[in-house]
Structures are given as structure tokens and as C-alpha cells.
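Input: a single structure, listed below in C-alpha cells.
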Amino acid sequence: MRRTDYDTEQYQDYARGRALTEQQLQAWMSAFEALLPERRPLAGLDVGSGTGRFTPALARAFGPVTGVEPSVRMREIAQAQSQHPGVRYLAGRAEDIPVPSAGADYAVMLQAWHHVQDKPRAARELARVLRPGGRLLLRSGFSDHMPRIWWLEYFPRGFEVDASLFQPLHEVIETFTSAGWRVAGFDTVAEPSSGTRGEALERLRLRTHSVFAHFTPDELEVGFRRLEQAVATDPGAPAPADPAPLLTLER
């Protein structure tokens with residue numbers, strides 16, 4: 001799989017292209033709240049925190065959070081635009097998390113697992129940094145459980161290319177169970193609409209989804225032309241909501 005270098009591409013537009021509405025953030029915090037211990041505060045890790053899309057919301061909901069992100073540019077944007085008194089951002093990656101052992105109550109990895117190069121090592125490292133009984137909330141695509149994202153249908157091979165970026169669910173589970181984790185649950189979060197179809201198209205034009213790097217130039221041209229034609233019929237209509245798989249693992 002082609003690796004995205006966020007220090008040379010996407011970082012300028014990522015926060016805008018992947019912006020979350022308050023309703024979407026609230027839906028995610030509600031989903032996480034149902035899976036995490038009731039006591040507060042909880043010490044959290046946002047592994048692959050990017051521009052900090054979720055990190056301040058996690059701190060507001062649950063307690064102090066450390067965002068761990070390998071891209072210098074993405075961290076700079078997070079530090080400038082996603083500040084919170086309970087948040088700090090550190091250089092690191094899932095295979096090498098710069099925090100003490102057994103210091104966190106939970107970790108989230110949100111649309112970052114497919115970027116991890118050494119997945120067995122990352123599973124062991126995530127186990128190291130969580131306390132016994134700690135939980136990892138893993139939002140990712142799984143090639144055999146892919147949501148039907150509405151705009152992909154307009155791109156040639158759209159669903160096929162998207163699924164190719166991800167492992168099947170059983171492979172991900174095997175990686176974690178081999179490192180001592182157990183599966184605590186697997187569900188789908190109903191993420192609310194991101195706004196109108198016209199607004200969604202403007203964000204998609206920024207090409208901040210990993211899948212865009214795997215289409216040919218012709219496929220991109222055809223896909224955006226088809227998408228623009230479809231959206232033009234009713235740009236003010238709500239963009240369809242995207243279901244999001246969420247795997248919960250426990251130490």
C-alpha cells in the first residue's frame with residue numbers, strides 16, 4: 001500500500017477536509033462513553049491523533065489525553081488549532097508510544113490502523129501503555145466489513161480500491177489476541193450527516209481521504225465528474241450518513 005507522507009501532502013487541508021460537526025463529535029463521545037469505565041477522570045491516548053480532530057473532545061468528556069502523532073506538520077496544526085488544557089501532543093507512532101507503561105486507562109485509534117507499518121509490534125506497544133483492564137477503541141475499515149460510503153459509488157472501482165487498503169477483521173483480531181488482547185465488542189457507530197451534499201463535495205475536492213491516492217488520474221477525473229453531476233441535482237440535500245465500524249479490545 002502506498003504510504004501517505006503527511007509532512008509533504010494533505011496536512012494543509014486535512015483539518016478542513018475532515019472536519020467534524022458538533023453532532024458527529026457528540027455521537028462519537030456517546031459511543032465511547034458506553035464502552036469506557038464510568039469513573040472520571042480517565043487518562044487517555046489518541047494514537048495517530050493527526051490534526052487533533054477528536055483529542056480536545058476526548059479531554060472534555062473523559063479527562064487528560066495525550067495525542068501521539070508521527071507527522072511534524074500534523075502535530076503543529078493540532079497544537080495551533082486543537083488546544084485544550086487537558087491535551088498534550090507528542091511525537092510518536094503506534095509502534096513506539098513515548099509514555100510510561102500502564103499509565104493510560106484507554107486508547108483510541110481512529111482511522112489510523114491502516115497506516116501502521118509493523119502491526120504486531122504496535123499491538124504489543126498498545127498493550128504496554130494501558131493498565132490491566134484498559135480498552136482500545138479501534139475505528140477502522142475492515143476489508144470484509146466495509147461500509148458503503150455514498151460518494152465512492154461514483155468512482156470507478158471505488159468500493160474495491162477502498163477495501164484494498166484494509167485487512168479483514170479476523171486478521172486484525174488475530175494480531176491483537178496474539179499480543180494478549182481480548183475482543184470486548186464489535187459494532188457500527190451511526191455517524192450523523194456531515195452537512196449538505198454540496199458541502200461534502202467541497203471537502204472531498206481537497207482529497208484528504210487515503211483512497212484518493214490509489215485511484216488512477218483517469219479514475220479521479222471520471223469519479224469527480226460523476227459526483228459533481230449527481231450533487232448538482234440537489235446540492236442542499238443532506239449528505240448520507242456513513243456507518244463506521246468500531247472494534248473494542250481489552251487488556
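Ligands are numbered from 1 in the order shown, chains are lettered A, B, ... in the order of the C-alpha cells, and residues start at 1 in each chain.
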**Item:** Contact residues around Thr66 of chain A with only C-alpha atoms at 12 Å, ignoring same-chain residues under 4 positions, as a PyMOL selection string
**Value:** chain A and resi 42-50+52+54-56+58-59+75+78-79+83-92+97-100+103-108+129
**Request:** Write out as a list of chain:residue names the residues lying within 7 Å of segment 152-168 of chain A, counting only C-alpha atoms and excluding same-chain residues fewer than 5 positions away.
**Result:** A:Met1, A:His114, A:Gly141, A:Phe142, A:Ser143, A:Asp144, A:Met146, A:Val211, A:His214, A:Glu219, A:Leu220, A:Val222, A:Gly223, A:Arg226, A:Leu227
**Message:** Residues near segment 170-184 of chain A, anyone? I mean within 8 Å using only C-alpha atoms, not counting same-chain ones fewer than 4 positions away, as a list in words.
**Reply:** Lys119, Pro120, Ala123, Arg124, Ala127, Leu247, Thr248, Leu249, Glu250 and Arg251 of chain A
Put those residues in a file: N, CA and C atoms, as a PDB file, in the first residue's frame.
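Result went into out.pdb, see below:
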```
ATOM      1  N   LYS A 119       2.389  -3.966  12.497  1.00  0.00           N
ATOM      2  CA  LYS A 119       1.175  -4.115  13.292  1.00  0.00           C
ATOM      3  C   LYS A 119       1.361  -5.006  14.528  1.00  0.00           C
ATOM      4  N   PRO A 120       2.063  -6.133  14.455  1.00  0.00           N
ATOM      5  CA  PRO A 120       2.284  -6.904  15.684  1.00  0.00           C
ATOM      6  C   PRO A 120       3.017  -6.107  16.764  1.00  0.00           C
ATOM      7  N   ALA A 123       0.553  -3.679  18.331  1.00  0.00           N
ATOM      8  CA  ALA A 123      -0.376  -4.329  19.264  1.00  0.00           C
ATOM      9  C   ALA A 123       0.292  -4.554  20.614  1.00  0.00           C
ATOM     10  N   ARG A 124       1.560  -4.945  20.602  1.00  0.00           N
ATOM     11  CA  ARG A 124       2.286  -5.138  21.864  1.00  0.00           C
ATOM     12  C   ARG A 124       2.525  -3.813  22.580  1.00  0.00           C
ATOM     13  N   ALA A 127      -0.563  -2.565  24.226  1.00  0.00           N
ATOM     14  CA  ALA A 127      -0.793  -3.318  25.456  1.00  0.00           C
ATOM     15  C   ALA A 127       0.108  -2.810  26.583  1.00  0.00           C
ATOM     16  N   LEU A 247     -14.080  -1.544  16.627  1.00  0.00           N
ATOM     17  CA  LEU A 247     -13.644  -2.740  17.324  1.00  0.00           C
ATOM     18  C   LEU A 247     -13.133  -2.342  18.704  1.00  0.00           C
ATOM     19  N   THR A 248     -13.638  -2.992  19.745  1.00  0.00           N
ATOM     20  CA  THR A 248     -13.206  -2.713  21.107  1.00  0.00           C
ATOM     21  C   THR A 248     -12.385  -3.888  21.616  1.00  0.00           C
ATOM     22  N   LEU A 249     -11.189  -3.590  22.092  1.00  0.00           N
ATOM     23  CA  LEU A 249     -10.260  -4.598  22.609  1.00  0.00           C
ATOM     24  C   LEU A 249      -9.911  -4.269  24.045  1.00  0.00           C
ATOM     25  N   GLU A 250      -9.653  -5.291  24.851  1.00  0.00           N
ATOM     26  CA  GLU A 250      -9.377  -5.083  26.273  1.00  0.00           C
ATOM     27  C   GLU A 250      -8.102  -5.800  26.659  1.00  0.00           C
ATOM     28  N   ARG A 251      -7.332  -5.148  27.515  1.00  0.00           N
ATOM     29  CA  ARG A 251      -6.100  -5.740  28.054  1.00  0.00           C
ATOM     30  C   ARG A 251      -6.424  -6.854  29.031  1.00  0.00           C
TER      31      ARG A 251
END
```
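Taking atom CA of Pro238 of chain A and atom CA of Leu110 of chain A as endpoints, the distance between them is 24.0 Å.
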**Prompt:** Which parts of segment 23-147 of chain A does DSSP call strand (DSSP E) when run on the backbone here, written out as a ChimeraX atom specification?
**Reply:** /A:44-47,65-69,87-91,104-110,130-139
Keeping C-alpha atoms, export the residues of the selection given above as an mmCIF file, in the first residue's frame.
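The resulting file, selection-v3.cif, is reproduced below:
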```cif
data_model
loop_
_atom_site.group_PDB
_atom_site.id
_atom_site.type_symbol
_atom_site.label_atom_id
_atom_site.label_comp_id
_atom_site.auth_asym_id
_atom_site.auth_seq_id
_atom_site.Cartn_x
_atom_site.Cartn_y
_atom_site.Cartn_z
ATOM 1 C CA GLY A 44 -6.425 8.629 27.533
ATOM 2 C CA LEU A 45 -4.234 8.235 24.476
ATOM 3 C CA ASP A 46 -5.204 9.341 20.987
ATOM 4 C CA VAL A 47 -2.790 7.327 18.850
ATOM 5 C CA VAL A 65 -5.420 12.998 26.771
ATOM 6 C CA THR A 66 -2.051 12.583 25.109
ATOM 7 C CA GLY A 67 -2.151 12.798 21.334
ATOM 8 C CA VAL A 68 0.577 10.723 19.680
ATOM 9 C CA GLU A 69 1.340 11.607 16.063
ATOM 10 C CA VAL A 87 -4.334 17.848 25.982
ATOM 11 C CA ARG A 88 -0.702 17.452 25.009
ATOM 12 C CA TYR A 89 0.690 16.280 21.672
ATOM 13 C CA LEU A 90 3.824 14.151 21.410
ATOM 14 C CA ALA A 91 5.906 12.811 18.558
ATOM 15 C CA ALA A 104 -3.384 5.062 30.481
ATOM 16 C CA ASP A 105 -6.933 3.861 31.064
ATOM 17 C CA TYR A 106 -7.808 3.735 27.381
ATOM 18 C CA ALA A 107 -6.525 4.468 23.900
ATOM 19 C CA VAL A 108 -8.283 5.311 20.686
ATOM 20 C CA MET A 109 -7.025 4.742 17.163
ATOM 21 C CA LEU A 110 -9.363 6.476 14.778
ATOM 22 C CA LEU A 130 -2.551 0.562 29.050
ATOM 23 C CA ARG A 131 -3.362 -0.544 32.572
ATOM 24 C CA PRO A 132 -4.769 -4.061 33.051
ATOM 25 C CA GLY A 133 -8.398 -3.906 32.007
ATOM 26 C CA GLY A 134 -7.733 -0.885 29.797
ATOM 27 C CA ARG A 135 -9.533 -0.633 26.492
ATOM 28 C CA LEU A 136 -8.517 0.183 22.942
ATOM 29 C CA LEU A 137 -11.232 1.634 20.712
ATOM 30 C CA LEU A 138 -10.217 0.939 17.115
ATOM 31 C CA ARG A 139 -12.164 2.709 14.392
#
```
**Prompt:** If you run DSSP on the backbone, which residues of segment 124-157 of chain A are alpha helix (DSSP H), as a PyMOL selection string?
**Reply:** chain A and resi 124-129
**Asked** A:Thr196, A:Gln24, A:Thr8, A:Gln81: which is nearest Ala232 of chain A, counting only C-alpha atoms?
**Response**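 That would be A:Thr196, the residue with the smallest distance to Ala232 of chain A.
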**Asked** Counting only C-alpha atoms, which of A:Ser71, A:Ala15, A:Leu20, A:Leu35 gets nearest to Thr51 of chain A?
**Response**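 Closest candidate: A:Ala15.
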